[in-house]
$ cat entry-v3.cif   # mmCIF, C-alpha atoms and all ligand atoms
data_entry
loop_
_atom_site.label_atom_id
_atom_site.label_comp_id
_atom_site.auth_asym_id
_atom_site.auth_seq_id
_atom_site.Cartn_x
_atom_site.Cartn_y
_atom_site.Cartn_z
CA MET R 1 105.90 201.69 -8.62
CA PHE R 2 106.36 198.01 -7.84
CA ARG R 3 105.25 198.30 -4.20
CA GLU R 4 102.21 196.10 -4.80
CA GLN R 5 104.30 193.56 -6.71
CA ILE R 6 106.66 193.22 -3.72
CA LEU R 7 103.84 192.94 -1.20
CA GLN R 8 101.99 190.40 -3.35
CA ALA R 9 105.14 188.29 -3.72
CA LEU R 10 105.73 188.38 0.04
CA ASN R 11 102.18 187.40 0.83
CA ASN R 12 101.74 184.71 -1.84
CA PRO R 13 101.64 181.35 -0.05
CA GLY R 14 101.89 179.51 -3.38
CA ARG R 15 105.42 180.54 -4.26
CA PRO R 16 108.51 181.41 -2.19
CA THR R 17 109.69 185.02 -2.41
CA VAL R 18 113.28 185.47 -3.54
CA SER R 19 115.22 188.66 -2.92
CA VAL R 20 118.90 189.47 -3.39
CA GLU R 21 121.04 192.09 -1.71
CA PHE R 22 123.61 194.28 -3.45
CA PHE R 23 125.97 196.83 -1.93
CA PRO R 24 127.14 200.02 -3.71
CA PRO R 25 130.47 199.25 -5.44
CA LYS R 26 133.50 201.36 -4.53
CA ASP R 27 135.10 201.77 -7.97
CA LEU R 28 134.39 201.30 -11.66
CA LEU R 29 135.78 197.79 -11.80
CA ALA R 30 133.55 196.70 -8.91
CA ALA R 31 130.62 198.53 -10.52
CA GLY R 32 131.08 196.44 -13.68
CA VAL R 33 130.97 193.25 -11.58
CA MET R 34 127.81 194.39 -9.77
CA LEU R 35 125.99 195.31 -12.97
CA GLN R 36 126.99 192.05 -14.66
CA THR R 37 125.69 190.16 -11.59
CA ALA R 38 122.42 192.07 -11.83
CA LYS R 39 122.13 191.15 -15.52
CA THR R 40 122.79 187.49 -14.78
CA LEU R 41 120.34 187.24 -11.90
CA GLN R 42 117.49 189.40 -13.23
CA PRO R 43 115.91 186.65 -15.38
CA MET R 44 116.20 184.03 -12.63
CA GLY R 45 112.86 184.60 -10.93
CA ILE R 46 114.05 187.16 -8.38
CA ASP R 47 111.07 189.05 -6.90
CA PHE R 48 113.05 192.09 -5.79
CA ALA R 49 116.53 193.35 -5.05
CA SER R 50 117.82 195.57 -2.27
CA ILE R 51 120.84 197.84 -1.99
CA THR R 52 122.60 198.70 1.27
CA TYR R 53 123.29 202.13 2.73
CA GLY R 54 126.80 202.84 3.99
CA ALA R 55 127.42 203.79 7.58
CA GLY R 56 130.63 205.70 6.93
CA GLY R 57 129.37 208.37 4.53
CA THR R 58 131.08 207.42 1.27
CA SER R 59 128.59 204.91 -0.11
CA ARG R 60 125.48 206.98 0.63
CA ASP R 61 125.16 208.77 -2.72
CA THR R 62 126.05 205.56 -4.50
CA THR R 63 123.07 203.79 -2.89
CA LEU R 64 120.95 206.19 -4.89
CA SER R 65 122.96 206.08 -8.12
CA TYR R 66 123.58 202.32 -8.25
CA GLY R 67 120.08 201.71 -6.93
CA GLY R 68 118.90 203.65 -10.00
CA GLU R 69 120.93 201.27 -12.19
CA LEU R 70 119.23 198.26 -10.57
CA VAL R 71 115.83 199.84 -11.22
CA LYS R 72 116.84 200.31 -14.88
CA ALA R 73 117.96 196.67 -14.97
CA GLY R 74 114.35 195.75 -14.15
CA PHE R 75 114.39 194.96 -10.43
CA PRO R 76 111.69 196.21 -8.10
CA LEU R 77 114.13 197.79 -5.66
CA ILE R 78 114.30 198.24 -1.90
CA GLY R 79 116.74 200.98 -0.87
CA HIS R 80 118.20 200.59 2.62
CA LEU R 81 118.27 203.74 4.75
CA THR R 82 119.79 204.33 8.18
CA CYS R 83 119.36 207.07 10.80
CA VAL R 84 123.14 207.46 11.31
CA GLY R 85 124.21 211.11 11.18
CA HIS R 86 120.96 212.41 9.68
CA ALA R 87 118.50 215.01 10.89
CA SER R 88 114.91 214.00 10.19
CA ASN R 89 114.56 216.60 7.41
CA GLU R 90 117.60 215.07 5.63
CA LEU R 91 116.00 211.65 5.89
CA GLU R 92 112.83 213.09 4.42
CA ALA R 93 114.82 214.49 1.46
CA ILE R 94 116.53 211.11 0.85
CA ILE R 95 113.18 209.32 0.94
CA GLN R 96 111.92 211.76 -1.70
CA GLN R 97 115.04 211.02 -3.81
CA TYR R 98 114.32 207.28 -3.50
CA ALA R 99 110.78 207.95 -4.76
CA ASN R 100 112.09 210.04 -7.67
CA ALA R 101 114.57 207.30 -8.62
CA GLY R 102 111.76 204.73 -8.84
CA PHE R 103 112.64 202.72 -5.72
CA SER R 104 109.71 200.51 -4.73
CA GLY R 105 110.56 200.05 -1.08
CA ILE R 106 112.75 201.05 1.84
CA LEU R 107 114.45 198.89 4.46
CA ALA R 108 114.27 201.24 7.45
CA LEU R 109 117.24 200.80 9.78
CA ARG R 110 118.78 202.51 12.76
CA GLY R 111 122.29 201.70 11.53
CA ASP R 112 125.48 200.89 13.43
CA PRO R 113 127.80 203.42 15.09
CA PRO R 114 130.29 204.89 12.57
CA LYS R 115 133.95 203.79 12.76
CA GLY R 116 135.60 205.02 15.95
CA GLN R 117 132.36 205.10 17.94
CA THR R 118 131.24 202.23 20.14
CA THR R 119 127.65 203.18 20.79
CA PHE R 120 124.96 204.52 18.50
CA GLU R 121 124.37 208.23 18.98
CA ARG R 122 121.24 209.83 17.70
CA HIS R 123 121.64 212.99 15.56
CA PRO R 124 120.36 215.92 17.70
CA GLU R 125 117.51 216.41 15.24
CA GLY R 126 117.27 212.79 14.17
CA PHE R 127 116.10 209.40 15.37
CA ALA R 128 117.29 206.92 18.02
CA HIS R 129 115.43 203.87 16.70
CA ALA R 130 114.38 202.42 13.35
CA SER R 131 110.72 202.56 14.42
CA GLU R 132 110.88 206.38 14.16
CA LEU R 133 112.15 206.15 10.59
CA VAL R 134 109.34 203.73 9.72
CA ARG R 135 106.87 206.25 11.14
CA LEU R 136 108.39 209.04 9.04
CA ILE R 137 108.17 207.00 5.81
CA SER R 138 104.59 205.93 6.52
CA LYS R 139 103.54 209.49 7.30
CA ALA R 140 105.36 211.30 4.47
CA HIS R 141 104.61 208.73 1.74
CA PRO R 142 101.60 206.62 2.73
CA ASP R 143 101.31 203.51 0.52
CA ARG R 144 104.19 204.62 -1.74
CA PHE R 145 106.85 202.18 -0.50
CA ALA R 146 106.96 198.57 0.65
CA VAL R 147 108.60 199.12 4.04
CA GLY R 148 110.86 196.49 5.56
CA VAL R 149 112.74 196.32 8.86
CA ALA R 150 115.59 194.23 10.23
CA GLY R 151 115.04 191.23 12.52
CA PHE R 152 117.63 189.23 14.46
CA PRO R 153 117.07 185.46 14.92
CA GLU R 154 119.99 185.37 17.38
CA ARG R 155 118.85 188.66 19.02
CA HIS R 156 120.29 192.11 18.21
CA PRO R 157 123.77 192.41 19.79
CA ASP R 158 122.79 195.52 21.83
CA ALA R 159 119.47 194.11 23.07
CA LEU R 160 119.03 193.66 26.81
CA ASP R 161 117.09 190.41 26.36
CA ASP R 162 114.99 188.49 23.83
CA ALA R 163 111.69 189.84 25.15
CA SER R 164 112.58 193.52 24.72
CA ASP R 165 114.13 192.90 21.30
CA ILE R 166 110.90 191.26 20.10
CA ARG R 167 108.84 194.05 21.69
CA PHE R 168 110.83 196.68 19.78
CA LEU R 169 110.47 194.70 16.55
CA ALA R 170 106.70 194.67 17.11
CA GLU R 171 106.91 198.45 17.55
CA LYS R 172 108.49 198.79 14.08
CA ILE R 173 105.63 196.80 12.56
CA ALA R 174 103.03 198.82 14.45
CA ALA R 175 104.69 201.97 13.05
CA GLY R 176 103.85 200.76 9.54
CA ALA R 177 106.41 198.19 8.35
CA ASP R 178 105.18 195.54 5.91
CA PHE R 179 107.81 192.84 6.36
CA VAL R 180 110.96 191.77 8.18
CA THR R 181 114.25 190.66 6.62
CA THR R 182 116.55 188.85 9.02
CA GLN R 183 120.20 189.09 9.77
CA LEU R 184 122.13 186.16 8.30
CA PHE R 185 122.09 182.94 10.34
CA PHE R 186 123.28 179.40 9.70
CA ASP R 187 121.07 177.32 11.99
CA ASN R 188 117.37 177.16 11.07
CA ALA R 189 116.44 176.45 14.70
CA ASP R 190 117.34 180.08 15.48
CA TYR R 191 114.97 181.34 12.76
CA PHE R 192 112.02 179.18 13.88
CA ARG R 193 112.50 180.09 17.56
CA PHE R 194 112.57 183.79 16.55
CA VAL R 195 109.48 183.49 14.34
CA GLY R 196 107.64 181.72 17.19
CA SER R 197 108.39 184.60 19.59
CA VAL R 198 107.45 187.24 17.02
CA ARG R 199 104.13 185.51 16.29
CA ALA R 200 103.48 185.18 20.04
CA ALA R 201 103.88 188.97 20.22
CA GLY R 202 100.98 189.30 17.77
CA VAL R 203 103.05 190.20 14.68
CA SER R 204 101.87 188.51 11.49
CA VAL R 205 103.92 190.13 8.66
CA PRO R 206 106.21 187.94 6.50
CA ILE R 207 109.67 187.27 7.98
CA LEU R 208 112.15 186.71 5.16
CA PRO R 209 115.15 184.66 6.34
CA GLY R 210 118.55 186.10 5.36
CA ILE R 211 120.90 183.49 3.91
CA MET R 212 124.54 183.96 2.98
CA PRO R 213 126.28 181.32 0.85
CA VAL R 214 129.72 181.58 2.45
CA LEU R 215 132.73 181.90 0.16
CA SER R 216 135.36 180.54 2.55
CA LEU R 217 135.97 179.83 6.22
CA LYS R 218 137.92 183.08 6.52
CA GLN R 219 135.11 185.13 5.00
CA ALA R 220 132.47 183.36 7.12
CA ARG R 221 134.45 184.09 10.32
CA ASN R 222 134.80 187.71 9.24
CA PHE R 223 131.07 188.16 8.68
CA CYS R 224 130.18 186.37 11.89
CA GLY R 225 132.62 188.68 13.68
CA PHE R 226 130.70 191.82 12.83
CA SER R 227 127.17 190.40 12.54
CA LYS R 228 127.61 188.27 15.71
CA ALA R 229 125.95 185.36 13.91
CA ARG R 230 126.94 181.92 15.23
CA LEU R 231 128.96 179.69 12.89
CA PRO R 232 127.86 176.07 13.52
CA ALA R 233 130.64 173.54 14.21
CA ALA R 234 129.28 171.29 11.42
CA LEU R 235 129.73 174.08 8.84
CA VAL R 236 133.23 174.84 10.12
CA GLU R 237 134.09 171.12 9.80
CA GLU R 238 132.81 170.96 6.21
CA LEU R 239 134.82 174.05 5.29
CA GLU R 240 137.96 172.82 7.06
CA ALA R 241 137.75 169.53 5.21
CA CYS R 242 138.34 171.48 1.95
CA GLY R 243 141.81 172.57 3.11
CA ALA R 244 143.11 175.50 1.07
CA ASN R 245 140.86 174.75 -1.91
CA GLU R 246 138.81 177.96 -2.11
CA ASP R 247 136.46 176.76 -4.82
CA ALA R 248 135.64 173.66 -2.76
CA GLN R 249 134.93 175.94 0.22
CA ARG R 250 132.64 178.09 -1.91
CA ARG R 251 130.77 174.96 -3.03
CA VAL R 252 130.31 173.95 0.62
CA GLY R 253 128.77 177.40 1.13
CA VAL R 254 126.33 176.78 -1.73
CA SER R 255 125.43 173.31 -0.49
CA TRP R 256 124.86 174.53 3.10
CA SER R 257 122.61 177.36 1.84
CA VAL R 258 120.58 174.99 -0.37
CA ARG R 259 120.03 172.61 2.58
CA GLN R 260 119.19 175.53 4.83
CA ILE R 261 116.68 177.03 2.39
CA ARG R 262 114.98 173.68 1.71
CA GLY R 263 114.55 173.20 5.47
CA LEU R 264 113.16 176.72 5.85
CA LEU R 265 110.66 176.42 2.99
CA GLU R 266 109.50 172.97 4.14
CA ARG R 267 108.56 174.44 7.50
CA GLY R 268 106.73 177.47 6.13
CA ALA R 269 109.23 180.29 5.62
CA PRO R 270 107.78 182.73 3.03
CA GLY R 271 110.95 182.67 0.89
CA PHE R 272 114.50 183.85 1.43
CA HIS R 273 116.81 186.83 1.06
CA LEU R 274 120.25 186.07 -0.38
CA TYR R 275 123.29 188.04 0.74
CA ILE R 276 125.12 187.74 -2.58
CA LEU R 277 128.01 190.17 -1.97
CA ASN R 278 127.55 191.44 -5.56
CA ARG R 279 128.65 188.06 -6.96
CA ALA R 280 126.53 185.89 -9.22
CA GLU R 281 128.22 182.48 -9.12
CA SER R 282 126.99 181.11 -5.78
CA ALA R 283 123.55 182.73 -6.13
CA VAL R 284 123.05 181.11 -9.57
CA GLU R 285 124.08 177.73 -8.17
CA VAL R 286 121.76 178.06 -5.15
CA LEU R 287 118.79 179.11 -7.30
CA SER R 288 119.46 176.41 -9.90
CA ALA R 289 119.73 173.69 -7.26
CA LEU R 290 116.44 174.77 -5.67
CA ARG R 291 114.57 174.75 -9.03
CA LEU R 292 111.83 177.00 -7.70
C1 LIG R 301 118.57 192.77 6.64
C2 LIG R 301 119.53 193.79 7.22
C3 LIG R 301 120.02 194.80 6.40
C4 LIG R 301 120.90 195.78 6.91
N1 LIG R 301 121.36 196.77 6.08
C5 LIG R 301 122.16 197.73 6.57
C6 LIG R 301 122.61 198.81 5.73
O1 LIG R 301 122.28 198.87 4.55
N2 LIG R 301 123.42 199.76 6.27
C7 LIG R 301 123.79 199.72 7.59
O2 LIG R 301 124.51 200.62 8.03
N3 LIG R 301 123.38 198.72 8.41
C8 LIG R 301 122.58 197.72 7.94
N4 LIG R 301 122.15 196.71 8.76
C9 LIG R 301 122.64 196.67 10.15
C10 LIG R 301 121.75 197.46 11.13
O3 LIG R 301 121.80 198.84 10.81
C11 LIG R 301 122.29 197.21 12.53
O4 LIG R 301 122.09 195.86 12.88
C12 LIG R 301 121.80 198.14 13.63
O5 LIG R 301 122.62 197.91 14.78
C13 LIG R 301 120.37 197.90 14.09
O6 LIG R 301 119.48 198.39 13.21
P1 LIG R 301 117.90 198.16 13.44
O7 LIG R 301 117.24 198.81 12.32
O8 LIG R 301 117.60 196.76 13.76
O9 LIG R 301 117.68 199.07 14.79
P2 LIG R 301 116.52 199.16 15.84
O10 LIG R 301 115.31 198.42 15.41
O11 LIG R 301 116.38 200.60 16.20
O12 LIG R 301 117.15 198.35 17.07
C14 LIG R 301 118.48 198.60 17.52
C15 LIG R 301 118.61 198.19 18.99
O13 LIG R 301 117.81 199.07 19.80
C16 LIG R 301 116.80 198.37 20.52
N5 LIG R 301 115.59 199.19 20.43
C17 LIG R 301 114.75 199.35 19.38
N6 LIG R 301 113.77 200.21 19.68
C18 LIG R 301 113.99 200.61 20.95
C19 LIG R 301 113.30 201.51 21.85
N7 LIG R 301 112.18 202.14 21.49
N8 LIG R 301 113.82 201.70 23.10
C20 LIG R 301 114.96 201.06 23.49
N9 LIG R 301 115.64 200.19 22.69
C21 LIG R 301 115.16 199.97 21.44
C22 LIG R 301 116.67 197.01 19.79
O14 LIG R 301 116.27 195.99 20.69
C23 LIG R 301 118.09 196.79 19.30
O15 LIG R 301 118.90 196.24 20.31
C24 LIG R 301 121.29 195.71 8.28
C25 LIG R 301 120.81 194.68 9.09
C26 LIG R 301 119.93 193.72 8.58
C27 LIG R 301 119.44 192.61 9.47
#
$ encode --input "entry-v3.cif" --output "C-alpha cells" --more "lines below"
Ligand SMILES: Cc1cc2nc3c(=O)[nH]c(=O)nc-3n(C[C@H](O)[C@H](O)[C@H](O)COP(=O)(O)OP(=O)(O)OC[C@H]3O[C@@H](n4cnc5c(N)ncnc54)[C@H](O)[C@@H]3O)c2cc1C
Amino acid sequence: MFREQILQALNNPGRPTVSVEFFPPKDLLAAGVMLQTAKTLQPMGIDFASITYGAGGTSRDTTLSYGGELVKAGFPLIGHLTCVGHASNELEAIIQQYANAGFSGILALRGDPPKGQTTFERHPEGFAHASELVRLISKAHPDRFAVGVAGFPERHPDALDDASDIRFLAEKIAAGADFVTTQLFFDNADYFRFVGSVRAAGVSVPILPGIMPVLSLKQARNFCGFSKARLPAALVEELEACGANEDAQRRVGVSWSVRQIRGLLERGAPGFHLYILNRAESAVEVLSALRL
C-alpha cells in the first residue's frame, strides 16, 4: 500500500526520514499507552512506524493485531518478522497475513535464540539466515513490501569478524532488501565506520541509524547488556551527574539523542529510526528539538 511512500522517503535526499519503533504491548493497560503514543506521534512528520516480533512466542499474534491498529492510526507500517521456530511455509502464511492487514513493509530478521537456548537453531524446514527470509519475501510478493534488514555498527555479536558480517549484510541486500535499519548505538563514529565498510562492499541502499533516547542509566545498561552496544563514558558521566533524579536522566537521554542525530544528519545519514519503547515523551522532545 504505502511501499512506494516508504521507499521515496528513504531515498529523498532533501528531507531526513523519520521512523519509530513500537513493540506489541502485553496487556490492556500497556495497549492503551501504545495507542495513545501512536496518536501523539502520528501528526509529527513520522514517515513510517515499525512493530517488533517476539522471540518467545507470546507476542507473535499481537504483532499482527497491534500492527493492524497502527495501520488504522495512519502509519505506513513495517512488520518485523523472524525465522525463529518457523518452517518456511509458516513464514509464507505470516507474510500473507501482513499483506492482508495492510502492512507496507517487512523487516526481515533471523532472530535471537529463544530463552534457554544459547545458539540460534534453524527450524528443520526453515531458515538459518535472514537473507533466506528476504529471498522468500521477494519471491512470494515481488514489489509488494518495502523490505528492510538489520545492520550492526558495532558488528553482530555472533559474527566472526567485521569483514564476514559486512559480506553477509551485502548478501541480504542482494537477496532483495531495500534498506538497512541499525542496532542502537551511542557513538556516531561507529555508524560512519560501518557505513564506510558497507559502501566499500558495493552496497548503496539507505542505512537508517537506530537511536534510543535512554530513560535512565539502569535502563541504558540493561539495553546495552542484551544488544551489546557500547555505552560511552561521557554518557554514563552525564547520567551519573543526575543522581537519583529520573526525569533529569531522561532529559540527558533526549539531549544525547538530539546531539547524536544532528551529527548524523550533518554528515549525510538519510534520517533516523527512534527506539521509543512505546512512550511518547522523549520522542516528542527529540523531534521538537530537531525542528525538521
Ligand atoms: C533494527 C533491528 C530490529 C530488530 N527487531 C527484532 C524483532 O522484532 N524481534 C526479534 O526477535 N529480534 C529483533 N532484532 C534482533 C535480531 O533478530 C538479532 O540481532 C539476531 O541475532 C540477528 O538477526 P539478523 O537478521 O541480523 O541475522 P542475520 O543477518 O542472519 O545474521 C546473524 C548472524 O549470522 C551471520 N550470518 C549471516 N548470514 C550468514 C551466512 N550466510 N553464513 C554464515 N553466517 C551468516 C551474521 O554475520 C550474524 O553474525 C532486531 C535487530 C535490529 C538491529
$ closest_residue --input "entry-v3.cif" --among "R:Leu77, R:Ala146, R:Cys242, R:Ala163" --to "Ala177 in chain R" --atoms "only C-alpha atoms"
R:Ala146
$ closest_residue --input "entry-v3.cif" --among "R:Asp61, R:Leu217, R:Leu109, R:Tyr98" --to "Thr82 in chain R" --atoms "only C-alpha atoms"
R:Leu109
$ closest_residue --input "entry-v3.cif" --among "R:His141, R:His129, R:Arg291, R:Lys172" --to "ligand LIG 301 (chain R)" --atoms "only C-alpha atoms and all ligand atoms"
R:His129
$ residues_around --input "entry-v3.cif" --residues "range 203-216 of chain R" --least-positions-apart "2" --cutoff "9 Å" --atoms "only C-alpha atoms" --output "PyMOL selection string"
chain R and resi 10-11+17-19+151+153+169-170+173-174+177-186+191+195+198-201+218-221+239+246-258+260-261+264+269-277+282-283+286
$ residues_near_point --input "entry-v3.cif" --point "(105.6, 194.4, -3.6)" --cutoff "9 Å" --atoms "only C-alpha atoms" --output "ChimeraX atom specification"
/R:1-11,47-48,76,104-105,145-146
$ residues_around --input "entry-v3.cif" --residues "Ala130 in chain R" --least-positions-apart "2" --cutoff "10 Å" --atoms "all atoms listed in the file" --output "PDB file with C-alpha atoms, in the coordinates of the input"
ATOM      1  CA  LEU R  81     118.270 203.740   4.750  1.00  0.00           C
ATOM      2  CA  THR R  82     119.790 204.330   8.180  1.00  0.00           C
ATOM      3  CA  CYS R  83     119.360 207.070  10.800  1.00  0.00           C
ATOM      4  CA  LEU R 107     114.450 198.890   4.460  1.00  0.00           C
ATOM      5  CA  ALA R 108     114.270 201.240   7.450  1.00  0.00           C
ATOM      6  CA  LEU R 109     117.240 200.800   9.780  1.00  0.00           C
ATOM      7  CA  ARG R 110     118.780 202.510  12.760  1.00  0.00           C
ATOM      8  CA  GLY R 111     122.290 201.700  11.530  1.00  0.00           C
ATOM      9  CA  PHE R 127     116.100 209.400  15.370  1.00  0.00           C
ATOM     10  CA  ALA R 128     117.290 206.920  18.020  1.00  0.00           C
ATOM     11  CA  GLU R 132     110.880 206.380  14.160  1.00  0.00           C
ATOM     12  CA  LEU R 133     112.150 206.150  10.590  1.00  0.00           C
ATOM     13  CA  VAL R 134     109.340 203.730   9.720  1.00  0.00           C
ATOM     14  CA  ARG R 135     106.870 206.250  11.140  1.00  0.00           C
ATOM     15  CA  LEU R 136     108.390 209.040   9.040  1.00  0.00           C
ATOM     16  CA  VAL R 149     112.740 196.320   8.860  1.00  0.00           C
ATOM     17  CA  ALA R 150     115.590 194.230  10.230  1.00  0.00           C
ATOM     18  CA  PHE R 168     110.830 196.680  19.780  1.00  0.00           C
ATOM     19  CA  LEU R 169     110.470 194.700  16.550  1.00  0.00           C
ATOM     20  CA  GLU R 171     106.910 198.450  17.550  1.00  0.00           C
ATOM     21  CA  LYS R 172     108.490 198.790  14.080  1.00  0.00           C
ATOM     22  CA  ALA R 175     104.690 201.970  13.050  1.00  0.00           C
TER      23      ALA R 175
END
$ atom_distance --input "entry-v3.cif" --atom1 "CA of Gly126 in chain R" --atom2 "CA of His86 in chain R"
5.8 Å
$ closest_residue --input "entry-v3.cif" --among "R:Ile94, R:Val33, R:Ala73, R:Leu292" --to "Gly14 in chain R" --atoms "only C-alpha atoms"
R:Leu292
$ residues_near_point --input "entry-v3.cif" --point "(115.0, 219.6, 13.4)" --cutoff "10 Å" --atoms "all atoms listed in the file" --output "ChimeraX atom specification"
/R:87-90,123-126
$ build_atoms --input "entry-v3.cif" --residues "range 1-26 of chain R" --atoms "N, CA and C atoms" --output "PDB file, in the frame of the given file"
ATOM      1  N   MET R   1     106.076 202.285  -7.278  1.00  0.00           N
ATOM      2  CA  MET R   1     105.900 201.690  -8.620  1.00  0.00           C
ATOM      3  C   MET R   1     105.583 200.195  -8.519  1.00  0.00           C
ATOM      4  N   PHE R   2     106.567 199.447  -7.942  1.00  0.00           N
ATOM      5  CA  PHE R   2     106.360 198.010  -7.840  1.00  0.00           C
ATOM      6  C   PHE R   2     105.996 197.610  -6.408  1.00  0.00           C
ATOM      7  N   ARG R   3     105.558 198.605  -5.601  1.00  0.00           N
ATOM      8  CA  ARG R   3     105.250 198.300  -4.200  1.00  0.00           C
ATOM      9  C   ARG R   3     104.303 197.091  -4.092  1.00  0.00           C
ATOM     10  N   GLU R   4     103.217 197.164  -4.884  1.00  0.00           N
ATOM     11  CA  GLU R   4     102.210 196.100  -4.800  1.00  0.00           C
ATOM     12  C   GLU R   4     102.797 194.757  -5.197  1.00  0.00           C
ATOM     13  N   GLN R   5     103.672 194.801  -6.233  1.00  0.00           N
ATOM     14  CA  GLN R   5     104.300 193.560  -6.710  1.00  0.00           C
ATOM     15  C   GLN R   5     105.112 192.907  -5.568  1.00  0.00           C
ATOM     16  N   ILE R   6     105.848 193.736  -4.832  1.00  0.00           N
ATOM     17  CA  ILE R   6     106.660 193.220  -3.720  1.00  0.00           C
ATOM     18  C   ILE R   6     105.750 192.649  -2.630  1.00  0.00           C
ATOM     19  N   LEU R   7     104.717 193.388  -2.284  1.00  0.00           N
ATOM     20  CA  LEU R   7     103.840 192.940  -1.200  1.00  0.00           C
ATOM     21  C   LEU R   7     103.086 191.672  -1.603  1.00  0.00           C
ATOM     22  N   GLN R   8     102.688 191.613  -2.889  1.00  0.00           N
ATOM     23  CA  GLN R   8     101.990 190.400  -3.350  1.00  0.00           C
ATOM     24  C   GLN R   8     102.922 189.193  -3.302  1.00  0.00           C
ATOM     25  N   ALA R   9     104.171 189.398  -3.751  1.00  0.00           N
ATOM     26  CA  ALA R   9     105.140 188.290  -3.720  1.00  0.00           C
ATOM     27  C   ALA R   9     105.322 187.802  -2.290  1.00  0.00           C
ATOM     28  N   LEU R  10     105.478 188.749  -1.358  1.00  0.00           N
ATOM     29  CA  LEU R  10     105.730 188.380   0.040  1.00  0.00           C
ATOM     30  C   LEU R  10     104.548 187.668   0.679  1.00  0.00           C
ATOM     31  N   ASN R  11     103.369 187.963   0.190  1.00  0.00           N
ATOM     32  CA  ASN R  11     102.180 187.400   0.830  1.00  0.00           C
ATOM     33  C   ASN R  11     101.527 186.298  -0.003  1.00  0.00           C
ATOM     34  N   ASN R  12     102.271 185.778  -1.005  1.00  0.00           N
ATOM     35  CA  ASN R  12     101.740 184.710  -1.840  1.00  0.00           C
ATOM     36  C   ASN R  12     102.172 183.358  -1.272  1.00  0.00           C
ATOM     37  N   PRO R  13     101.245 182.611  -0.668  1.00  0.00           N
ATOM     38  CA  PRO R  13     101.640 181.350  -0.050  1.00  0.00           C
ATOM     39  C   PRO R  13     102.004 180.280  -1.083  1.00  0.00           C
ATOM     40  N   GLY R  14     101.668 180.525  -2.352  1.00  0.00           N
ATOM     41  CA  GLY R  14     101.890 179.510  -3.380  1.00  0.00           C
ATOM     42  C   GLY R  14     103.301 179.476  -3.935  1.00  0.00           C
ATOM     43  N   ARG R  15     104.083 180.501  -3.663  1.00  0.00           N
ATOM     44  CA  ARG R  15     105.420 180.540  -4.260  1.00  0.00           C
ATOM     45  C   ARG R  15     106.376 181.291  -3.334  1.00  0.00           C
ATOM     46  N   PRO R  16     107.574 180.716  -3.084  1.00  0.00           N
ATOM     47  CA  PRO R  16     108.510 181.410  -2.190  1.00  0.00           C
ATOM     48  C   PRO R  16     109.012 182.717  -2.797  1.00  0.00           C
ATOM     49  N   THR R  17     109.134 183.735  -1.972  1.00  0.00           N
ATOM     50  CA  THR R  17     109.690 185.020  -2.410  1.00  0.00           C
ATOM     51  C   THR R  17     111.209 184.927  -2.415  1.00  0.00           C
ATOM     52  N   VAL R  18     111.827 185.451  -3.474  1.00  0.00           N
ATOM     53  CA  VAL R  18     113.280 185.470  -3.540  1.00  0.00           C
ATOM     54  C   VAL R  18     113.757 186.908  -3.676  1.00  0.00           C
ATOM     55  N   SER R  19     114.619 187.339  -2.754  1.00  0.00           N
ATOM     56  CA  SER R  19     115.220 188.660  -2.920  1.00  0.00           C
ATOM     57  C   SER R  19     116.739 188.536  -2.810  1.00  0.00           C
ATOM     58  N   VAL R  20     117.437 189.492  -3.424  1.00  0.00           N
ATOM     59  CA  VAL R  20     118.900 189.470  -3.390  1.00  0.00           C
ATOM     60  C   VAL R  20     119.407 190.840  -2.954  1.00  0.00           C
ATOM     61  N   GLU R  21     120.521 190.832  -2.239  1.00  0.00           N
ATOM     62  CA  GLU R  21     121.040 192.090  -1.710  1.00  0.00           C
ATOM     63  C   GLU R  21     122.361 192.487  -2.370  1.00  0.00           C
ATOM     64  N   PHE R  22     122.381 193.702  -2.884  1.00  0.00           N
ATOM     65  CA  PHE R  22     123.610 194.280  -3.450  1.00  0.00           C
ATOM     66  C   PHE R  22     124.153 195.317  -2.474  1.00  0.00           C
ATOM     67  N   PHE R  23     125.444 195.657  -2.649  1.00  0.00           N
ATOM     68  CA  PHE R  23     125.970 196.830  -1.930  1.00  0.00           C
ATOM     69  C   PHE R  23     126.575 197.770  -2.971  1.00  0.00           C
ATOM     70  N   PRO R  24     126.617 199.087  -2.699  1.00  0.00           N
ATOM     71  CA  PRO R  24     127.140 200.020  -3.710  1.00  0.00           C
ATOM     72  C   PRO R  24     128.636 199.783  -3.918  1.00  0.00           C
ATOM     73  N   PRO R  25     129.051 199.522  -5.173  1.00  0.00           N
ATOM     74  CA  PRO R  25     130.470 199.250  -5.440  1.00  0.00           C
ATOM     75  C   PRO R  25     131.329 200.497  -5.208  1.00  0.00           C
ATOM     76  N   LYS R  26     132.619 200.240  -4.892  1.00  0.00           N
ATOM     77  CA  LYS R  26     133.500 201.360  -4.530  1.00  0.00           C
ATOM     78  C   LYS R  26     134.226 201.977  -5.723  1.00  0.00           C
TER      79      LYS R  26
END
